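What's in query_0.txt: compact mmCIF, C-alpha atoms
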```
# COMPACT_ATOMS: atom_id res chain seq x y z
CA MET V 221 233.63 168.72 66.18
CA ASP V 222 232.09 169.66 62.81
CA ASP V 223 228.41 170.43 62.20
CA LYS V 224 227.71 166.87 60.97
CA SER V 225 229.32 165.33 64.03
CA ILE V 226 227.36 167.63 66.31
CA SER V 227 224.11 166.71 64.56
CA GLU V 228 224.88 162.99 64.83
CA TYR V 229 225.78 163.42 68.48
CA LEU V 230 222.52 165.25 69.23
CA ASP V 231 220.51 162.66 67.32
CA GLU V 232 222.15 159.89 69.31
CA ARG V 233 221.38 161.67 72.58
CA LYS V 234 217.75 162.05 71.54
CA LYS V 235 217.59 158.32 70.77
CA GLN V 236 219.14 157.44 74.13
CA ASN V 237 216.77 159.76 76.03
CA LEU V 238 213.79 158.36 74.15
CA LEU V 239 214.90 154.80 74.90
CA LYS V 240 215.34 155.72 78.55
CA ARG V 241 211.81 157.18 78.71
CA ILE V 242 210.36 154.08 77.03
CA ILE V 243 212.12 151.78 79.48
CA GLN V 244 211.03 153.95 82.40
CA SER V 245 207.40 154.02 81.21
CA ASN V 246 207.35 150.21 81.06
CA LYS V 247 208.96 149.73 84.45
CA PRO V 248 206.59 148.08 86.99
CA THR V 249 205.64 150.06 90.09
CA LEU V 250 203.92 148.85 93.24
CA SER V 251 203.14 150.44 96.61
CA PHE V 252 200.32 150.58 99.14
CA THR V 253 199.10 152.28 102.28
CA ILE V 254 197.04 150.78 105.09
CA THR V 255 193.96 152.73 106.07
CA SER V 256 191.33 152.11 108.73
CA ALA V 257 188.98 149.15 108.50
CA ARG V 258 191.82 146.78 107.44
CA ARG V 259 191.95 148.26 103.95
CA LEU V 260 195.02 148.34 101.71
CA VAL V 261 195.03 151.00 99.01
CA VAL V 262 197.33 149.48 96.38
CA SER V 263 198.86 151.58 93.57
CA TYR V 264 200.47 149.84 90.61
CA SER V 265 201.43 150.05 86.95
CA ASN V 266 202.73 147.60 84.32
CA LEU V 267 201.67 144.56 86.35
CA GLN V 268 199.34 141.65 85.64
CA ALA V 269 199.18 140.08 89.09
CA ILE V 270 199.87 141.17 92.67
CA LYS V 271 200.47 138.77 95.52
CA ILE V 272 199.51 139.91 99.03
CA LYS V 273 201.26 138.11 101.90
CA LEU V 274 200.61 138.42 105.64
CA TYR V 275 203.27 137.49 108.21
CA LEU V 276 202.41 137.15 111.89
CA ILE V 277 204.93 138.95 114.11
CA ASP V 278 205.74 139.56 117.75
CA LEU V 279 205.90 143.33 117.52
CA GLU V 280 207.95 143.82 120.69
CA ILE V 281 210.66 141.39 119.52
CA LEU V 282 210.76 142.99 116.07
CA PHE V 283 210.85 146.46 117.64
CA SER V 284 213.71 145.53 119.99
CA LYS V 285 215.75 144.23 117.05
CA MET V 286 214.94 147.14 114.70
CA PRO V 287 213.54 150.12 116.66
CA PHE V 288 214.00 152.43 113.68
CA THR V 289 212.63 150.09 111.07
CA ARG V 290 213.80 150.35 107.50
CA LYS V 291 211.21 148.67 105.31
CA ASP V 292 213.82 147.54 102.82
CA SER V 293 215.55 145.59 105.61
CA PHE V 294 212.69 143.12 105.94
CA ASP V 295 213.53 139.66 104.59
CA PHE V 296 210.79 137.06 104.85
CA SER V 297 211.96 134.95 101.91
CA TYR V 298 212.68 132.04 104.26
CA ILE V 299 209.37 132.31 106.19
CA LEU V 300 206.03 130.98 105.02
CA PRO V 301 203.32 133.64 105.20
CA ALA V 302 200.31 132.98 107.42
CA TYR V 303 198.13 134.08 104.51
CA SER V 304 198.59 134.86 100.83
CA ASP V 305 196.33 135.83 97.96
CA ILE V 306 196.93 136.58 94.28
CA ILE V 307 195.02 139.44 92.68
CA GLN V 308 194.82 139.47 88.89
CA VAL V 309 194.85 143.00 87.47
CA GLU V 310 194.66 144.54 84.04
CA LYS V 311 198.12 145.51 82.82
CA SER V 312 198.43 149.21 82.09
CA LYS V 313 201.15 151.85 81.87
CA ASN V 314 198.91 154.21 83.81
CA LEU V 315 198.92 154.29 87.59
CA ASN V 316 195.97 152.25 88.87
CA ILE V 317 194.48 151.74 92.32
CA ILE V 318 192.76 148.72 93.84
CA HIS V 319 191.57 147.98 97.37
CA PHE V 320 192.35 144.86 99.37
CA TYR V 321 190.93 144.04 102.79
CA ILE V 322 192.88 142.12 105.41
CA PRO V 323 190.75 139.07 106.35
CA GLU V 324 188.71 139.43 109.52
CA SER V 325 190.55 136.50 111.13
CA PHE V 326 193.77 138.55 111.04
CA SER V 327 192.28 141.90 112.01
CA THR V 328 193.36 141.61 115.67
CA LYS V 329 196.92 140.44 114.88
CA ASP V 330 200.16 142.35 114.44
CA LEU V 331 201.37 141.75 110.89
CA ILE V 332 203.95 142.55 108.29
CA VAL V 333 202.04 143.03 105.04
CA GLU V 334 203.92 142.43 101.79
CA ALA V 335 202.75 143.18 98.26
CA VAL V 336 204.95 141.61 95.58
CA SER V 337 204.87 141.04 91.85
CA ASP V 338 207.25 139.52 89.30
CA SER V 339 207.13 140.89 85.78
CA ASP V 340 209.58 140.15 82.95
CA ASN V 341 212.35 139.14 85.35
CA TYR V 342 211.79 142.34 87.32
CA SER V 343 210.50 141.98 90.88
CA VAL V 344 208.81 144.77 92.80
CA LYS V 345 207.71 144.58 96.44
CA HIS V 346 206.51 146.81 99.23
CA PHE V 347 206.21 146.23 103.00
CA GLU V 348 204.17 147.90 105.73
CA THR V 349 203.48 147.04 109.38
CA TYR V 350 199.87 146.49 110.39
CA TYR V 351 199.18 147.27 114.04
CA SER V 352 196.13 145.87 115.74
CA ASN V 353 195.17 148.43 118.34
CA ALA V 354 192.09 149.97 119.91
CA MET V 355 193.71 152.88 121.70
CA ASN V 356 194.76 156.45 121.06
CA VAL V 357 198.28 157.72 121.73
CA ILE V 358 198.72 161.48 122.06
CA ILE V 359 202.35 162.65 122.04
CA SER V 360 203.55 165.98 123.40
CA GLU V 361 207.07 166.45 122.03
CA SER V 362 207.56 169.68 124.02
CA LEU V 363 207.14 167.71 127.26
CA GLY V 364 208.67 164.44 126.08
CA GLU V 365 205.46 162.78 127.22
CA LEU V 366 202.69 160.62 125.81
CA LYS V 367 199.14 159.90 126.91
CA VAL V 368 197.22 156.70 126.15
CA THR V 369 193.42 156.59 126.06
CA ASP V 370 190.79 154.19 124.83
CA THR V 371 188.52 155.01 121.89
CA ASN V 372 186.26 156.96 124.30
CA ASN V 373 189.23 159.09 125.47
CA LYS V 374 189.34 157.41 128.87
CA PRO V 375 192.93 157.36 130.25
CA LEU V 376 194.55 153.92 130.25
CA PRO V 377 196.92 153.20 133.17
CA GLY V 378 199.32 150.26 133.16
CA VAL V 379 200.05 150.30 129.42
CA TYR V 380 203.62 149.20 128.67
CA VAL V 381 205.93 151.69 126.91
CA LYS V 382 209.41 150.92 125.57
CA CYS V 383 211.71 153.56 124.11
CA PHE V 384 214.92 153.51 122.06
CA ALA V 385 217.02 156.53 121.10
CA LYS V 386 219.16 157.34 118.08
CA LYS V 387 222.28 159.36 118.87
CA LYS V 388 223.15 162.60 117.07
CA LYS V 389 226.86 161.86 116.99
CA ASP V 390 226.95 158.54 115.17
CA ASP V 391 223.33 157.36 114.66
CA LYS V 392 223.92 154.62 117.22
CA VAL V 393 220.66 153.12 118.48
CA VAL V 394 220.44 152.44 122.23
CA PHE V 395 217.78 151.30 124.66
CA TYR V 396 216.58 154.42 126.47
CA LYS V 397 213.87 153.54 129.00
CA ASP V 398 210.67 151.58 129.56
CA GLY V 399 207.81 151.52 132.02
CA TYR V 400 204.04 151.82 132.35
CA THR V 401 201.55 154.64 132.01
CA ASP V 402 200.38 156.17 135.29
CA LEU V 403 196.80 156.60 136.55
CA ARG V 404 196.36 159.50 134.11
CA GLY V 405 197.43 157.29 131.21
CA ARG V 406 200.68 159.27 130.93
CA PHE V 407 204.30 158.24 130.47
CA ASN V 408 207.32 160.52 130.14
CA TYR V 409 209.58 158.85 127.60
CA PHE V 410 212.27 161.56 127.73
CA SER V 411 213.12 162.17 131.40
CA LEU V 412 216.02 160.21 132.84
CA ASN V 413 217.79 160.72 136.14
CA THR V 414 221.09 160.87 134.22
CA ASP V 415 222.79 163.05 131.63
CA ASN V 416 221.81 160.53 128.93
CA ILE V 417 218.99 162.87 127.95
CA LYS V 418 221.58 164.84 125.96
CA GLY V 419 222.73 164.01 122.44
CA ASN V 420 219.61 162.22 121.14
CA LYS V 421 218.16 163.16 117.76
CA LYS V 422 215.25 160.71 117.49
CA PHE V 423 213.15 158.40 119.63
CA SER V 424 211.26 155.28 118.64
CA ILE V 425 208.50 154.25 121.04
CA LEU V 426 206.51 151.04 121.38
CA VAL V 427 203.16 151.24 123.18
CA LYS V 428 201.71 147.83 124.00
CA ASP V 429 198.65 146.49 125.81
CA GLU V 430 197.80 142.79 125.93
CA ASN V 431 194.13 143.43 125.23
CA LEU V 432 194.15 146.60 123.13
CA GLY V 433 197.08 145.89 120.83
CA SER V 434 200.31 147.71 119.95
CA LEU V 435 201.73 150.57 117.93
CA ILE V 436 205.05 152.26 117.22
CA ARG V 437 205.77 155.97 116.93
CA GLU V 438 208.95 157.84 116.00
CA VAL V 439 209.31 161.30 117.56
CA ASP V 440 211.84 164.10 117.92
CA PRO V 441 213.29 165.23 121.25
CA PRO V 442 211.52 168.14 122.98
CA LEU V 443 211.84 171.32 120.91
CA ASN V 444 214.86 173.59 121.40
CA ILE V 445 216.67 171.06 123.57
CA LEU V 446 220.24 171.06 122.31
CA ASP V 447 223.39 169.85 124.04
CA GLU V 448 224.44 173.42 124.77
CA ASP V 449 220.98 174.41 126.03
CA ILE V 450 220.51 171.86 128.77
CA GLY V 451 222.79 170.71 131.52
CA GLY V 452 221.07 167.50 132.54
CA TYR V 453 218.08 165.93 134.23
CA GLU V 454 217.37 168.64 136.81
CA GLU V 455 217.48 171.45 134.27
CA PHE V 456 215.14 169.59 131.94
CA GLU V 457 212.67 168.89 134.76
CA THR V 458 212.65 172.60 135.66
CA MET V 459 212.03 173.54 132.03
CA LYS V 460 209.28 170.93 131.72
CA ARG V 461 207.44 172.35 134.74
CA GLU V 462 207.62 175.81 133.16
CA ILE V 463 206.12 174.47 129.92
CA GLU V 464 203.33 172.71 131.86
CA ARG V 465 202.47 175.93 133.73
CA THR V 466 202.38 177.84 130.43
CA ILE V 467 200.04 175.26 128.92
CA ARG V 468 197.69 175.40 131.92
CA ARG V 469 197.50 179.21 131.76
CA ARG V 470 196.28 179.16 128.13
```

Would you write the structure of this file as C-alpha cells?
Amino acid sequence: MDDKSISEYLDERKKQNLLKRIIQSNKPTLSFTITSARRLVVSYSNLQAIKIKLYLIDLEILFSKMPFTRKDSFDFSYILPAYSDIIQVEKSKNLNIIHFYIPESFSTKDLIVEAVSDSDNYSVKHFETYYSNAMNVIISESLGELKVTDTNNKPLPGVYVKCFAKKKKDDKVVFYKDGYTDLRGRFNYFSLNTDNIKGNKKFSILVKDENLGSLIREVDPPLNILDEDIGGYEEFETMKREIERTIRRR
C-alpha cells in the first residue's frame, strides 16, 4: 500500500469513527431506579417523552415462574397497564434526571414498573419490580439464615419464605425449600435433611406476609462451602453450630 493509499485509508477510518461517535451521541438512553417513598429516579438522553406504566402482579406466581428474574425477559406488550402516564421532557444529548412518584393508590401493591420511549423508530425501555413491604429482612449468608422484623426491629414469626436454587453444574433452577419464620423471626433457607445442599451456586428467596408485603433477595451459599468441603446435612449443621458459637463469643 503506497503513502496515498495509506492516507486515504486513515482518512476513511477517521470518517467512520466520527460517524460512529455521532450516531452514538444521538442514541436515546433510558433507565431508572426506585428509591424509598415511591420515587423513581429516571435518567435519560435524546428523548422528548417518557411513558411510565404500572402493571399489577402476583409476586409469588411471578417468582415461581422466574425465580432469577432477567429484566429483559419481561413482556407485557399484550397486557394493559393498571396505570400509565406520559412525561414530556426537553430533548438533550446530555444525561438528564427527573423524578416520578408512584401514585398513592398503588403504593401498597406489588408492581412491575416500565419506562418506555419511542424516538425516530428506536424504542428504549427499562423494567424494575416495585415491592410493597413494611418489614426488614436481615440475611446471614454464613449461616444460610434470614431474620424478618418489622420497622421497629420486632421479630416477625409466621412469615412465609420460599427458596429456589441455581445449580453450579448447569445453571438449572430448582425449587429448594419453603416454610415460615419461627418465633424469633428466623428461617434457615439453606439447611436440608438431604445431600441437595451441595452443588448450589445461588439462591433466590421470596419473603411474603399478607399484611406487610413481599420482597425478593438473591444470595450466595454460605461462604467456603464447596462440594469437596462438605459431606452433607449433618456436616453442615455441625459447622453452622460452630459459626453460631463464634458469633456469640464476639

Per residue of stretch 282-355 of chain V within 9 Å of stretch 381-402 of chain V, record the nearest atom pair and its distance in Å to one decimal, counting only C-alpha atoms, with rows in chain order and ascending residue number, as CSV.
```
residue,atom,partner,partner_atom,distance
V:Ser284,CA,V:Phe384,CA,8.3
V:Pro287,CA,V:Phe384,CA,6.5
V:Phe288,CA,V:Val393,CA,8.2
```

Mind pulling up the distance from atom CA of V:Ser263 to atom CA of V:Glu334?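 Between atom CA of V:Glu334 and atom CA of V:Ser263 the gap is 13.3 Å.
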
From the options V:Arg406, V:Lys313, V:Lys271, V:Lys422, which residue's atoms come nearest to V:Pro248, counting all atoms listed in the file? V:Lys313

Å distance separating atom CA of V:Lys421 from atom CA of V:Glu361, one decimal place: 12.3 Å

Of the residues V:Leu274, V:Leu267, V:Leu282, V:Leu363, which is the one nearest to V:Ser325, using only C-alpha atoms? V:Leu274

Find the residues with any atom within 12 Å of (206.2, 148.3, 99.3); use only C-alpha atoms and the coordinates as given in the file, and write the answer as an NGL selection string. :V and (249-254 or 260-264 or 270-273 or 290-294 or 332-337 or 343-349)

Between atom CA of V:Leu331 and atom CA of V:Tyr351, what is the distance in Å, rounded to a tenth?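 These atoms are spaced 6.7 Å apart.
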
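With distances restricted to only C-alpha atoms, V:Tyr350 is the closest residue to V:Ser434 from V:Tyr321, V:Tyr275, V:Tyr303, V:Tyr350.
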
Filled-in N, CA and C atoms of stretch 343-373 of chain V, supplied as a PDB file, in the coordinates of the input:
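Writing the result to part10.pdb gives the following:
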```pdb
ATOM      1  N   SER V 343     211.345 142.166  89.699  1.00  0.00           N
ATOM      2  CA  SER V 343     210.500 141.980  90.880  1.00  0.00           C
ATOM      3  C   SER V 343     210.330 143.296  91.622  1.00  0.00           C
ATOM      4  N   VAL V 344     209.090 143.591  91.992  1.00  0.00           N
ATOM      5  CA  VAL V 344     208.810 144.770  92.800  1.00  0.00           C
ATOM      6  C   VAL V 344     208.072 144.319  94.055  1.00  0.00           C
ATOM      7  N   LYS V 345     208.382 144.945  95.183  1.00  0.00           N
ATOM      8  CA  LYS V 345     207.710 144.580  96.440  1.00  0.00           C
ATOM      9  C   LYS V 345     207.646 145.787  97.357  1.00  0.00           C
ATOM     10  N   HIS V 346     206.700 145.722  98.281  1.00  0.00           N
ATOM     11  CA  HIS V 346     206.510 146.810  99.230  1.00  0.00           C
ATOM     12  C   HIS V 346     206.021 146.216 100.536  1.00  0.00           C
ATOM     13  N   PHE V 347     206.561 146.720 101.667  1.00  0.00           N
ATOM     14  CA  PHE V 347     206.210 146.230 103.000  1.00  0.00           C
ATOM     15  C   PHE V 347     205.599 147.362 103.838  1.00  0.00           C
ATOM     16  N   GLU V 348     204.665 147.001 104.692  1.00  0.00           N
ATOM     17  CA  GLU V 348     204.170 147.900 105.730  1.00  0.00           C
ATOM     18  C   GLU V 348     203.841 147.067 106.964  1.00  0.00           C
ATOM     19  N   THR V 349     203.883 147.712 108.137  1.00  0.00           N
ATOM     20  CA  THR V 349     203.480 147.040 109.380  1.00  0.00           C
ATOM     21  C   THR V 349     202.035 147.362 109.683  1.00  0.00           C
ATOM     22  N   TYR V 350     201.278 146.314 110.008  1.00  0.00           N
ATOM     23  CA  TYR V 350     199.870 146.490 110.390  1.00  0.00           C
ATOM     24  C   TYR V 350     199.771 146.297 111.895  1.00  0.00           C
ATOM     25  N   TYR V 351     199.336 147.336 112.598  1.00  0.00           N
ATOM     26  CA  TYR V 351     199.180 147.270 114.040  1.00  0.00           C
ATOM     27  C   TYR V 351     197.713 147.046 114.385  1.00  0.00           C
ATOM     28  N   SER V 352     197.484 146.068 115.232  1.00  0.00           N
ATOM     29  CA  SER V 352     196.130 145.870 115.740  1.00  0.00           C
ATOM     30  C   SER V 352     196.019 146.616 117.063  1.00  0.00           C
ATOM     31  N   ASN V 353     195.302 147.718 117.073  1.00  0.00           N
ATOM     32  CA  ASN V 353     195.170 148.430 118.340  1.00  0.00           C
ATOM     33  C   ASN V 353     193.833 149.158 118.414  1.00  0.00           C
ATOM     34  N   ALA V 354     193.353 149.275 119.651  1.00  0.00           N
ATOM     35  CA  ALA V 354     192.090 149.970 119.910  1.00  0.00           C
ATOM     36  C   ALA V 354     192.332 151.035 120.965  1.00  0.00           C
ATOM     37  N   MET V 355     193.394 151.816 120.748  1.00  0.00           N
ATOM     38  CA  MET V 355     193.710 152.880 121.700  1.00  0.00           C
ATOM     39  C   MET V 355     194.275 154.072 120.948  1.00  0.00           C
ATOM     40  N   ASN V 356     194.217 155.222 121.623  1.00  0.00           N
ATOM     41  CA  ASN V 356     194.760 156.450 121.060  1.00  0.00           C
ATOM     42  C   ASN V 356     196.022 156.826 121.827  1.00  0.00           C
ATOM     43  N   VAL V 357     197.040 157.262 121.097  1.00  0.00           N
ATOM     44  CA  VAL V 357     198.280 157.720 121.730  1.00  0.00           C
ATOM     45  C   VAL V 357     198.514 159.169 121.313  1.00  0.00           C
ATOM     46  N   ILE V 358     198.505 160.056 122.295  1.00  0.00           N
ATOM     47  CA  ILE V 358     198.720 161.480 122.060  1.00  0.00           C
ATOM     48  C   ILE V 358     200.117 161.831 122.564  1.00  0.00           C
ATOM     49  N   ILE V 359     200.963 162.359 121.675  1.00  0.00           N
ATOM     50  CA  ILE V 359     202.350 162.650 122.040  1.00  0.00           C
ATOM     51  C   ILE V 359     202.572 164.155 122.122  1.00  0.00           C
ATOM     52  N   SER V 360     203.155 164.580 123.236  1.00  0.00           N
ATOM     53  CA  SER V 360     203.550 165.980 123.400  1.00  0.00           C
ATOM     54  C   SER V 360     205.076 166.026 123.343  1.00  0.00           C
ATOM     55  N   GLU V 361     205.616 166.420 122.178  1.00  0.00           N
ATOM     56  CA  GLU V 361     207.070 166.450 122.030  1.00  0.00           C
ATOM     57  C   GLU V 361     207.704 167.520 122.919  1.00  0.00           C
ATOM     58  N   SER V 362     206.986 168.617 123.190  1.00  0.00           N
ATOM     59  CA  SER V 362     207.560 169.680 124.020  1.00  0.00           C
ATOM     60  C   SER V 362     207.793 169.219 125.453  1.00  0.00           C
ATOM     61  N   LEU V 363     206.991 168.238 125.911  1.00  0.00           N
ATOM     62  CA  LEU V 363     207.140 167.710 127.260  1.00  0.00           C
ATOM     63  C   LEU V 363     207.872 166.374 127.291  1.00  0.00           C
ATOM     64  N   GLY V 364     208.086 165.777 126.121  1.00  0.00           N
ATOM     65  CA  GLY V 364     208.670 164.440 126.080  1.00  0.00           C
ATOM     66  C   GLY V 364     207.757 163.431 126.734  1.00  0.00           C
ATOM     67  N   GLU V 365     206.448 163.576 126.492  1.00  0.00           N
ATOM     68  CA  GLU V 365     205.460 162.780 127.220  1.00  0.00           C
ATOM     69  C   GLU V 365     204.381 162.279 126.261  1.00  0.00           C
ATOM     70  N   LEU V 366     203.822 161.128 126.576  1.00  0.00           N
ATOM     71  CA  LEU V 366     202.690 160.620 125.810  1.00  0.00           C
ATOM     72  C   LEU V 366     201.539 160.285 126.747  1.00  0.00           C
ATOM     73  N   LYS V 367     200.339 160.263 126.169  1.00  0.00           N
ATOM     74  CA  LYS V 367     199.140 159.900 126.910  1.00  0.00           C
ATOM     75  C   LYS V 367     198.381 158.851 126.111  1.00  0.00           C
ATOM     76  N   VAL V 368     197.945 157.791 126.797  1.00  0.00           N
ATOM     77  CA  VAL V 368     197.220 156.700 126.150  1.00  0.00           C
ATOM     78  C   VAL V 368     195.788 156.682 126.658  1.00  0.00           C
ATOM     79  N   THR V 369     194.843 156.660 125.713  1.00  0.00           N
ATOM     80  CA  THR V 369     193.420 156.590 126.060  1.00  0.00           C
ATOM     81  C   THR V 369     192.760 155.506 125.224  1.00  0.00           C
ATOM     82  N   ASP V 370     191.563 155.100 125.662  1.00  0.00           N
ATOM     83  CA  ASP V 370     190.790 154.190 124.830  1.00  0.00           C
ATOM     84  C   ASP V 370     190.036 154.996 123.771  1.00  0.00           C
ATOM     85  N   THR V 371     189.214 154.325 122.986  1.00  0.00           N
ATOM     86  CA  THR V 371     188.520 155.010 121.890  1.00  0.00           C
ATOM     87  C   THR V 371     187.492 156.017 122.386  1.00  0.00           C
ATOM     88  N   ASN V 372     187.167 155.971 123.700  1.00  0.00           N
ATOM     89  CA  ASN V 372     186.260 156.960 124.300  1.00  0.00           C
ATOM     90  C   ASN V 372     187.026 158.043 125.062  1.00  0.00           C
ATOM     91  N   ASN V 373     188.348 158.105 124.826  1.00  0.00           N
ATOM     92  CA  ASN V 373     189.230 159.090 125.470  1.00  0.00           C
ATOM     93  C   ASN V 373     189.359 158.905 126.973  1.00  0.00           C
TER      94      ASN V 373
END
```
